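Each remark here refers to the structure printed beneath this line.
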Amino acid sequence: MATRLSDTSREALGLTPDDLLAMYRTMLTARLVDEAAFRLNRQGKAPFVVPVSGHEGCQIGTAWALERGRDVWLPYYRDLGVVLVAGMTPYEVFLGLFAKADDPASGGRQMPAHWSSRRLGIISGSSPIGTQIPHAAGIAYAVKYRGEDGVVATWFGEGATSEGDWHEGLNFAGIHRLPVIFVCENNRYAISVEQSKQMAVANVADRAPAYGFPGVVVDGNDVLACFAAMKEAVARARSGEGPTLIECKTYRFQPHTSDDDDRTYRSREEVEEARLHDPVSLFAAFLTGQGLARDEEIAAMAEEVKADLNVAIDKAWNAADPDPATLTQHVFHEDS
Ligand SMILES: Cc1ncc(C[n+]2csc(CCOP(=O)(O)OP(=O)(O)O)c2C)c(N)n1
Ligand SMILES: [Mg+2]
């Protein structure tokens, strides 16, 4: 995996310097939300955290090619970066983490990181792995049937590709040439289970031809390479050419969740080596190398984002809890 970003011309990608800085700020926000969430977990304020660190390049890079208000998003639990691009605010993320009444995903009822927003077109996910894949194919079928021009994108880990749902969804999408993009964030582990125990092939993307559409492998730590692959896939989907499977090779720096101890299944040396390919620092080095930001500006941005997050955390912590009288709402059928 690269230790510096590809020098893909940003002009060729249609990105302005402001776009690049906004992408970087979003990656940084995801990273700093993660760090804050883990601190809150250790303080006993956030019961359960699903970390994103390491995945920011592939999440922000791929999500950036979609259009808010036009396209449909089906993220999985690790996709904090995706939902930030879709328009979810850190304040909303913390409302979910603290199980507050205004949590957009579930009014404080569901596990954090089970993203959902009617306003933003983020489809509610379920805990069973891979269930969003047939949902994405079905929604893409509806989009095509109605003659709309939206694109549907869904994200998942490489472990999810062992599920029957995954194969059924891709097969259906291939048969009907649906406007859907499948993004695999391959971090080599499904909790403790290493990739070689999940599949006998080196690349998830190699399976795409069997469903009748292209599969591409990209360096998931290179935000611009991820954007470039997704941009092409979006163009294919919008012009009626059908689905694409994009596999982003990446790594998760933290344990699977705040309830996992990753020391039991991977060495510290392996994690340290992976950190040399940190997508956030690689992109910062790219921006400074291209003369788009100075080191001081990168450092100042981190301070600004931290200050904004502290405000969001305090506000979310002090927000109202759900009314106990509404406990069974959306669980049992209600008349009216
Ligand atoms: C059907 C099903 N089986 C098992 C689980 C338990 N489980 C939760 S996350 C996970 C690992 C998924 O790994 P991967 O798809 O690679 O995503 P990652 O967490 O690595 O980003 C498993 C096995 C589940 N939620 N649903
Ligand atoms: Mg994985």
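Order determines the names: the first chain of the structure tokens is A, the second B, and so forth; residues in each chain are numbered 1 upward, and ligands are numbered 1 upward as they are shown.
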
So that each row is one residue of chain A with an atom at most 10 Å from ligand 1, can you give its shortest atom pair and the distance in Å to one decimal, using only C-alpha atoms and all ligand atoms, rows by chain and rising number, as JSON lines?
{"residue": "A:Val50", "atom": "CA", "partner": "ligand 1", "partner_atom_place_in_ligand_line": "19 (O)", "distance": 8.6}
{"residue": "A:Pro51", "atom": "CA", "partner": "ligand 1", "partner_atom_place_in_ligand_line": "21 (O)", "distance": 9.1}
{"residue": "A:Val52", "atom": "CA", "partner": "ligand 1", "partner_atom_place_in_ligand_line": "21 (O)", "distance": 8.4}
{"residue": "A:His55", "atom": "CA", "partner": "ligand 1", "partner_atom_place_in_ligand_line": "21 (O)", "distance": 8.7}
{"residue": "A:Tyr76", "atom": "CA", "partner": "ligand 1", "partner_atom_place_in_ligand_line": "21 (O)", "distance": 8.1}
{"residue": "A:Tyr77", "atom": "CA", "partner": "ligand 1", "partner_atom_place_in_ligand_line": "21 (O)", "distance": 7.7}
{"residue": "A:Arg78", "atom": "CA", "partner": "ligand 1", "partner_atom_place_in_ligand_line": "21 (O)", "distance": 5.8}
{"residue": "A:Asp79", "atom": "CA", "partner": "ligand 1", "partner_atom_place_in_ligand_line": "21 (O)", "distance": 8.6}
{"residue": "A:Ser126", "atom": "CA", "partner": "ligand 1", "partner_atom_place_in_ligand_line": "25 (N)", "distance": 8.4}
{"residue": "A:Ser127", "atom": "CA", "partner": "ligand 1", "partner_atom_place_in_ligand_line": "25 (N)", "distance": 5.0}
{"residue": "A:Pro128", "atom": "CA", "partner": "ligand 1", "partner_atom_place_in_ligand_line": "26 (N)", "distance": 3.5}
{"residue": "A:Ile129", "atom": "CA", "partner": "ligand 1", "partner_atom_place_in_ligand_line": "26 (N)", "distance": 4.0}
{"residue": "A:Gly130", "atom": "CA", "partner": "ligand 1", "partner_atom_place_in_ligand_line": "1 (C)", "distance": 7.0}
{"residue": "A:Thr131", "atom": "CA", "partner": "ligand 1", "partner_atom_place_in_ligand_line": "1 (C)", "distance": 8.1}
{"residue": "A:Trp155", "atom": "CA", "partner": "ligand 1", "partner_atom_place_in_ligand_line": "15 (O)", "distance": 9.5}
{"residue": "A:Phe156", "atom": "CA", "partner": "ligand 1", "partner_atom_place_in_ligand_line": "15 (O)", "distance": 5.7}
{"residue": "A:Gly157", "atom": "CA", "partner": "ligand 1", "partner_atom_place_in_ligand_line": "15 (O)", "distance": 3.3}
{"residue": "A:Glu158", "atom": "CA", "partner": "ligand 1", "partner_atom_place_in_ligand_line": "16 (O)", "distance": 4.2}
{"residue": "A:Gly159", "atom": "CA", "partner": "ligand 1", "partner_atom_place_in_ligand_line": "15 (O)", "distance": 3.4}
{"residue": "A:Ala160", "atom": "CA", "partner": "ligand 1", "partner_atom_place_in_ligand_line": "15 (O)", "distance": 3.9}
{"residue": "A:Thr161", "atom": "CA", "partner": "ligand 1", "partner_atom_place_in_ligand_line": "15 (O)", "distance": 7.0}
{"residue": "A:Ser162", "atom": "CA", "partner": "ligand 1", "partner_atom_place_in_ligand_line": "15 (O)", "distance": 8.3}
{"residue": "A:Glu163", "atom": "CA", "partner": "ligand 1", "partner_atom_place_in_ligand_line": "1 (C)", "distance": 7.1}
{"residue": "A:Gly164", "atom": "CA", "partner": "ligand 1", "partner_atom_place_in_ligand_line": "1 (C)", "distance": 9.5}
{"residue": "A:Asp165", "atom": "CA", "partner": "ligand 1", "partner_atom_place_in_ligand_line": "1 (C)", "distance": 9.3}
{"residue": "A:Cys184", "atom": "CA", "partner": "ligand 1", "partner_atom_place_in_ligand_line": "15 (O)", "distance": 8.4}
{"residue": "A:Glu185", "atom": "CA", "partner": "ligand 1", "partner_atom_place_in_ligand_line": "21 (O)", "distance": 6.7}
{"residue": "A:Asn186", "atom": "CA", "partner": "ligand 1", "partner_atom_place_in_ligand_line": "16 (O)", "distance": 6.4}
{"residue": "A:Asn187", "atom": "CA", "partner": "ligand 1", "partner_atom_place_in_ligand_line": "20 (O)", "distance": 5.7}
{"residue": "A:Arg188", "atom": "CA", "partner": "ligand 1", "partner_atom_place_in_ligand_line": "16 (O)", "distance": 6.8}
{"residue": "A:Tyr189", "atom": "CA", "partner": "ligand 1", "partner_atom_place_in_ligand_line": "20 (O)", "distance": 5.0}
{"residue": "A:Ala190", "atom": "CA", "partner": "ligand 1", "partner_atom_place_in_ligand_line": "13 (O)", "distance": 3.3}
{"residue": "A:Ile191", "atom": "CA", "partner": "ligand 1", "partner_atom_place_in_ligand_line": "11 (C)", "distance": 4.8}
{"residue": "A:Ser192", "atom": "CA", "partner": "ligand 1", "partner_atom_place_in_ligand_line": "11 (C)", "distance": 8.1}
{"residue": "A:Val193", "atom": "CA", "partner": "ligand 1", "partner_atom_place_in_ligand_line": "11 (C)", "distance": 8.1}
{"residue": "A:Glu194", "atom": "CA", "partner": "ligand 1", "partner_atom_place_in_ligand_line": "16 (O)", "distance": 8.8}
{"residue": "A:Gln195", "atom": "CA", "partner": "ligand 1", "partner_atom_place_in_ligand_line": "16 (O)", "distance": 8.1}
{"residue": "A:Gln198", "atom": "CA", "partner": "ligand 1", "partner_atom_place_in_ligand_line": "16 (O)", "distance": 9.2}
{"residue": "A:Thr250", "atom": "CA", "partner": "ligand 1", "partner_atom_place_in_ligand_line": "21 (O)", "distance": 9.8}
{"residue": "A:Tyr251", "atom": "CA", "partner": "ligand 1", "partner_atom_place_in_ligand_line": "20 (O)", "distance": 8.5}
{"residue": "A:Arg252", "atom": "CA", "partner": "ligand 1", "partner_atom_place_in_ligand_line": "20 (O)", "distance": 7.5}
{"residue": "A:Pro255", "atom": "CA", "partner": "ligand 1", "partner_atom_place_in_ligand_line": "19 (O)", "distance": 9.4}
{"residue": "A:His256", "atom": "CA", "partner": "ligand 1", "partner_atom_place_in_ligand_line": "19 (O)", "distance": 6.0}
{"residue": "A:Thr257", "atom": "CA", "partner": "ligand 1", "partner_atom_place_in_ligand_line": "19 (O)", "distance": 8.3}

With C-alpha atoms kept, could you save the residues just selected as a compact mmCIF listing (two decimals), in the first residue's frame?
# COMPACT_ATOMS: atom_id res chain seq x y z
CA VAL A 50 -17.77 1.61 16.72
CA PRO A 51 -14.52 3.15 15.55
CA VAL A 52 -13.83 4.53 12.08
CA HIS A 55 -11.23 4.00 7.17
CA TYR A 76 -22.87 0.05 7.62
CA TYR A 77 -22.00 0.63 11.27
CA ARG A 78 -18.36 1.72 10.66
CA ASP A 79 -19.41 4.48 8.23
CA SER A 126 -29.87 -3.56 10.81
CA SER A 127 -27.33 -5.30 13.01
CA PRO A 128 -27.31 -8.55 11.00
CA ILE A 129 -24.37 -8.19 8.63
CA GLY A 130 -25.09 -7.73 4.94
CA THR A 131 -28.83 -7.04 5.14
CA TRP A 155 -20.89 0.12 2.00
CA PHE A 156 -19.83 -3.01 3.89
CA GLY A 157 -16.77 -4.86 5.18
CA GLU A 158 -15.09 -7.81 3.50
CA GLY A 159 -16.64 -10.09 6.15
CA ALA A 160 -20.10 -9.12 4.90
CA THR A 161 -19.28 -10.73 1.55
CA SER A 162 -19.51 -14.16 3.19
CA GLU A 163 -23.24 -13.64 3.69
CA GLY A 164 -25.82 -15.07 1.29
CA ASP A 165 -27.51 -11.67 1.24
CA CYS A 184 -16.22 -2.92 0.20
CA GLU A 185 -14.03 -1.49 2.96
CA ASN A 186 -11.61 -4.37 3.23
CA ASN A 187 -9.75 -4.03 6.54
CA ARG A 188 -8.65 -7.70 6.53
CA TYR A 189 -10.64 -8.68 9.62
CA ALA A 190 -14.21 -9.54 10.46
CA ILE A 191 -13.81 -8.87 14.17
CA SER A 192 -11.08 -11.47 14.87
CA VAL A 193 -11.48 -13.53 11.69
CA GLU A 194 -8.74 -12.84 9.14
CA GLN A 195 -9.64 -12.58 5.45
CA GLN A 198 -13.51 -15.90 4.97
CA THR A 250 -7.63 -0.44 4.21
CA TYR A 251 -7.12 -1.20 7.91
CA ARG A 252 -8.88 -0.40 11.16
CA PRO A 255 -10.41 -2.68 18.10
CA HIS A 256 -13.59 -3.79 16.30
CA THR A 257 -15.68 -1.91 18.88

(request) Assign secondary structure with DSSP using the backbone only, and return the residues of range 95-213 of chain A in strand (DSSP E or B) as a list of chain:residue names. (result)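 Strand (DSSP E or B) assignments inside range 95-213 of chain A correspond to A:Ser117, A:Ile122, A:Val152, A:Ala153, A:Thr154, A:Trp155, A:Phe156, A:Gly157, A:Val180, A:Ile181, A:Phe182, A:Val183, A:Cys184, A:Glu185, A:Asn186, A:Tyr189, A:Ala190, A:Val193, A:Glu194.
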
Mind writing the picked residues with N, CA, C and O atoms as a short mmCIF file (atom, residue, chain, number, x, y, z; two decimals), in the first residue's frame?
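result-v1.cif, written as the output of this step:
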data_model
loop_
_atom_site.label_atom_id
_atom_site.label_comp_id
_atom_site.auth_asym_id
_atom_site.auth_seq_id
_atom_site.Cartn_x
_atom_site.Cartn_y
_atom_site.Cartn_z
N SER A 117 -31.36 8.41 8.49
CA SER A 117 -31.91 9.77 8.45
C SER A 117 -32.83 9.90 7.25
O SER A 117 -32.39 9.81 6.10
N ILE A 122 -30.56 8.53 4.21
CA ILE A 122 -29.73 7.43 4.72
C ILE A 122 -30.68 6.34 5.22
O ILE A 122 -31.49 6.58 6.12
N VAL A 152 -27.72 4.62 -6.08
CA VAL A 152 -27.77 4.02 -4.75
C VAL A 152 -26.37 3.51 -4.42
O VAL A 152 -25.75 2.86 -5.27
N ALA A 153 -25.88 3.81 -3.24
CA ALA A 153 -24.56 3.27 -2.86
C ALA A 153 -24.68 2.58 -1.52
O ALA A 153 -25.39 3.03 -0.62
N THR A 154 -23.99 1.45 -1.42
CA THR A 154 -23.96 0.76 -0.13
C THR A 154 -22.53 0.36 0.21
O THR A 154 -21.73 0.06 -0.67
N TRP A 155 -22.24 0.39 1.50
CA TRP A 155 -20.89 0.12 2.00
C TRP A 155 -20.96 -1.08 2.95
O TRP A 155 -21.99 -1.30 3.61
N PHE A 156 -19.86 -1.82 3.02
CA PHE A 156 -19.83 -3.01 3.89
C PHE A 156 -18.38 -3.45 4.04
O PHE A 156 -17.50 -3.02 3.26
N GLY A 157 -18.13 -4.32 5.00
CA GLY A 157 -16.77 -4.86 5.18
C GLY A 157 -16.58 -6.11 4.35
O GLY A 157 -17.54 -6.63 3.75
N VAL A 180 -26.52 0.93 -8.95
CA VAL A 180 -26.09 0.74 -7.55
C VAL A 180 -24.59 0.51 -7.52
O VAL A 180 -24.02 -0.10 -8.42
N ILE A 181 -23.96 1.03 -6.46
CA ILE A 181 -22.52 0.87 -6.30
C ILE A 181 -22.27 0.16 -4.98
O ILE A 181 -22.81 0.55 -3.93
N PHE A 182 -21.48 -0.89 -5.04
CA PHE A 182 -21.15 -1.68 -3.86
C PHE A 182 -19.72 -1.33 -3.45
O PHE A 182 -18.79 -1.55 -4.22
N VAL A 183 -19.58 -0.81 -2.25
CA VAL A 183 -18.24 -0.40 -1.79
C VAL A 183 -17.82 -1.29 -0.62
O VAL A 183 -18.44 -1.26 0.45
N CYS A 184 -16.76 -2.05 -0.86
CA CYS A 184 -16.22 -2.92 0.20
C CYS A 184 -15.05 -2.23 0.88
O CYS A 184 -14.09 -1.84 0.23
N GLU A 185 -15.14 -2.06 2.18
CA GLU A 185 -14.03 -1.49 2.96
C GLU A 185 -13.29 -2.68 3.56
O GLU A 185 -13.67 -3.19 4.62
N ASN A 186 -12.31 -3.15 2.82
CA ASN A 186 -11.61 -4.37 3.23
C ASN A 186 -10.49 -4.03 4.21
O ASN A 186 -9.41 -3.56 3.83
N TYR A 189 -10.09 -7.93 8.48
CA TYR A 189 -10.64 -8.68 9.62
C TYR A 189 -12.15 -8.51 9.73
O TYR A 189 -12.67 -7.41 9.52
N ALA A 190 -12.81 -9.59 10.06
CA ALA A 190 -14.21 -9.54 10.46
C ALA A 190 -14.18 -9.84 11.96
O ALA A 190 -14.10 -11.00 12.37
N VAL A 193 -11.68 -12.54 12.76
CA VAL A 193 -11.48 -13.53 11.69
C VAL A 193 -10.78 -12.89 10.49
O VAL A 193 -11.30 -11.98 9.85
N GLU A 194 -9.57 -13.39 10.21
CA GLU A 194 -8.74 -12.84 9.14
C GLU A 194 -9.32 -13.24 7.77
O GLU A 194 -9.99 -14.26 7.65
#

(request) Show which residues sit within 8 Å of range 34-39 of chain A, as an MDAnalysis selection string. Count only C-alpha atoms, and ignore same-chain residues fewer than 2 positions away. (result) chainID A and resid 30:32 41:43 46 49 51:53 97 258

What does the file look like for those residues with C-alpha atoms, as an mmCIF file, in the first residue's frame?
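Output (selection_7.cif):
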data_model
loop_
_atom_site.group_PDB
_atom_site.id
_atom_site.type_symbol
_atom_site.label_atom_id
_atom_site.label_comp_id
_atom_site.auth_asym_id
_atom_site.auth_seq_id
_atom_site.Cartn_x
_atom_site.Cartn_y
_atom_site.Cartn_z
ATOM 1 C CA ALA A 30 -14.335 11.595 11.577
ATOM 2 C CA ARG A 31 -10.992 10.850 13.245
ATOM 3 C CA LEU A 32 -11.571 13.312 16.068
ATOM 4 C CA ASN A 41 -16.685 5.497 26.523
ATOM 5 C CA ARG A 42 -13.874 5.261 29.055
ATOM 6 C CA GLN A 43 -15.597 7.984 31.116
ATOM 7 C CA ALA A 46 -20.915 6.402 25.837
ATOM 8 C CA VAL A 49 -18.439 2.880 20.228
ATOM 9 C CA PRO A 51 -14.523 3.152 15.550
ATOM 10 C CA VAL A 52 -13.829 4.529 12.078
ATOM 11 C CA SER A 53 -10.093 5.341 12.426
ATOM 12 C CA LEU A 97 -24.021 7.928 21.179
ATOM 13 C CA SER A 258 -15.158 -0.541 22.373
#

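Proximity of A:Asp295, A:Asp261, A:Glu269, A:Glu247 to ligand 2, computed with only C-alpha atoms and all ligand atoms, is greatest for A:Glu247.
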
(message) Ranking A:Thr16, A:Ser106, A:Thr288, A:Ser196 by minimum distance to ligand 2 and counting only C-alpha atoms and all ligand atoms, which one comes first?
(response)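 Result for the nearest residue to ligand 2: A:Ser196.
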
(message) Residues within 8 Å of range 238-245 of chain A, please, as an MDAnalysis selection string. Count only C-alpha atoms; anything in the same chain fewer than 2 positions from it doesn't count.
(response) chainID A and resid 149:151 173:174 176:184 205 208 213:216 233:236 247

(request) Choose the residue, out of A:Ala225, A:Glu168, A:Ile60, A:Ile175, that has the smallest atom-to-atom separation from Tyr141 in chain A; count only C-alpha atoms. (result) A:Ile175

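The nearest approach to ligand 2 among the residues A:Ala142, A:Lys249, A:Arg119, A:Val271, with only C-alpha atoms and all ligand atoms taken into account, belongs to A:Lys249.
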
(message) For Arg10 in chain A, find every residue with an atom within 10 Å (counting only C-alpha atoms), except residues of its own chain fewer than 4 positions away, and show them as a list in words.
(response) Gly14, Leu15, Thr16, Pro17, Asp19, Leu20, Leu224 and Ala228 of chain A

(request) Rank A:Leu74, A:Val280, A:Val93, A:Ala307 by their smallest atom-to-atom distance to Ala105 in chain A, using only C-alpha atoms, and report the top residue only. (result)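 Ranked by minimum distance to Ala105 in chain A, first place goes to A:Val93.
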
(message) If we count only C-alpha atoms and set the cut-off at 10 Å, which residues sit around Ala320 in chain A, ignoring sequence neighbours fewer than 4 positions away in its own chain? Please answer as a ChimeraX atom specification.
(response) /A:95,99-102,315-316

(message) One decimal, in Å: what's the spacing between CA of Thr328 in chain A and CA of Arg109 in chain A?
(response)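 These two atoms are separated by 9.8 Å.
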
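Using only C-alpha atoms and all ligand atoms, the shortest contact distance between ligand 2 and any of A:Cys248, A:Val331, A:Gly138, A:Tyr145 is found at A:Cys248.
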
(message) For a test of reading the model, state the distance in Å between CA of Thr26 in chain A and CA of Cys58 in chain A, rounded to one decimal.
(response)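 Between these atoms lies a distance of 12.2 Å.
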
For Tyr91 in chain A, work out the shell of residues within 12 Å, counting only C-alpha atoms and skipping chain neighbours fewer than 2 positions away, then give it as a short mmCIF file (atom, residue, chain, number, x, y, z; two decimals) with N, CA and C atoms, in the first residue's frame.
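Saved file around.cif follows:
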data_model
loop_
_atom_site.label_atom_id
_atom_site.label_comp_id
_atom_site.auth_asym_id
_atom_site.auth_seq_id
_atom_site.Cartn_x
_atom_site.Cartn_y
_atom_site.Cartn_z
N THR A 29 -12.58 15.35 10.98
CA THR A 29 -13.73 15.33 11.88
C THR A 29 -14.06 13.89 12.27
N VAL A 33 -13.93 12.68 16.03
CA VAL A 33 -15.16 12.18 16.67
C VAL A 33 -14.85 10.82 17.30
N LEU A 84 -21.16 11.60 7.59
CA LEU A 84 -20.77 13.02 7.67
C LEU A 84 -20.85 13.65 6.28
N GLY A 87 -24.26 14.48 5.23
CA GLY A 87 -24.84 15.67 5.85
C GLY A 87 -25.19 15.53 7.32
N MET A 88 -24.90 14.38 7.92
CA MET A 88 -25.17 14.23 9.36
C MET A 88 -24.14 15.07 10.12
N THR A 89 -24.57 15.69 11.20
CA THR A 89 -23.65 16.55 11.95
C THR A 89 -23.06 15.77 13.13
N VAL A 93 -24.51 12.81 15.70
CA VAL A 93 -23.78 11.58 16.02
C VAL A 93 -23.71 11.40 17.54
N PHE A 94 -23.41 12.48 18.26
CA PHE A 94 -23.31 12.39 19.73
C PHE A 94 -24.68 12.17 20.37
N LEU A 95 -25.73 12.70 19.75
CA LEU A 95 -27.08 12.42 20.28
C LEU A 95 -27.33 10.91 20.25
N GLY A 96 -26.87 10.28 19.18
CA GLY A 96 -27.03 8.82 19.07
C GLY A 96 -26.19 8.08 20.09
N LEU A 97 -24.96 8.57 20.25
CA LEU A 97 -24.02 7.93 21.18
C LEU A 97 -24.55 7.99 22.62
N PHE A 98 -25.22 9.09 22.96
CA PHE A 98 -25.74 9.27 24.32
C PHE A 98 -27.20 8.80 24.45
N LYS A 100 -30.08 9.97 23.11
CA LYS A 100 -30.96 11.10 23.42
C LYS A 100 -32.21 11.09 22.55
N ASP A 102 -33.52 13.20 20.58
CA ASP A 102 -33.42 13.73 19.21
C ASP A 102 -32.42 12.98 18.33
N ASP A 103 -31.92 11.86 18.80
CA ASP A 103 -31.06 11.03 17.94
C ASP A 103 -31.81 10.73 16.64
N PRO A 104 -31.27 11.16 15.48
CA PRO A 104 -32.04 10.99 14.24
C PRO A 104 -32.25 9.53 13.84
N ASP A 308 -15.09 22.74 17.97
CA ASP A 308 -16.48 22.55 17.52
C ASP A 308 -17.06 21.26 18.12
N LEU A 309 -16.22 20.22 18.17
CA LEU A 309 -16.72 18.94 18.71
C LEU A 309 -17.03 19.06 20.20
N ASN A 310 -16.20 19.82 20.91
CA ASN A 310 -16.46 19.98 22.35
C ASN A 310 -17.80 20.65 22.59
N VAL A 311 -18.13 21.63 21.74
CA VAL A 311 -19.43 22.30 21.86
C VAL A 311 -20.54 21.29 21.56
N ALA A 312 -20.36 20.51 20.48
CA ALA A 312 -21.39 19.53 20.09
C ALA A 312 -21.58 18.48 21.19
N ILE A 313 -20.48 18.05 21.80
CA ILE A 313 -20.56 17.03 22.86
C ILE A 313 -21.35 17.56 24.06
N ASP A 314 -21.01 18.77 24.49
CA ASP A 314 -21.70 19.35 25.66
C ASP A 314 -23.18 19.52 25.38
N LYS A 315 -23.48 20.02 24.17
CA LYS A 315 -24.88 20.25 23.82
C LYS A 315 -25.65 18.92 23.77
N ALA A 316 -25.02 17.91 23.18
CA ALA A 316 -25.69 16.60 23.07
C ALA A 316 -25.85 15.96 24.46
N TRP A 317 -24.84 16.10 25.30
CA TRP A 317 -24.90 15.50 26.64
C TRP A 317 -26.04 16.12 27.45
N ASN A 318 -26.25 17.43 27.23
CA ASN A 318 -27.30 18.14 27.98
C ASN A 318 -28.68 18.06 27.32
N ALA A 319 -28.76 17.41 26.16
CA ALA A 319 -30.05 17.31 25.46
C ALA A 319 -30.99 16.37 26.22
#

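What separates atom 1 (Mg, counted along the ligand's line) of ligand 2 from CA of His135 in chain A is a distance of 20.2 Å.
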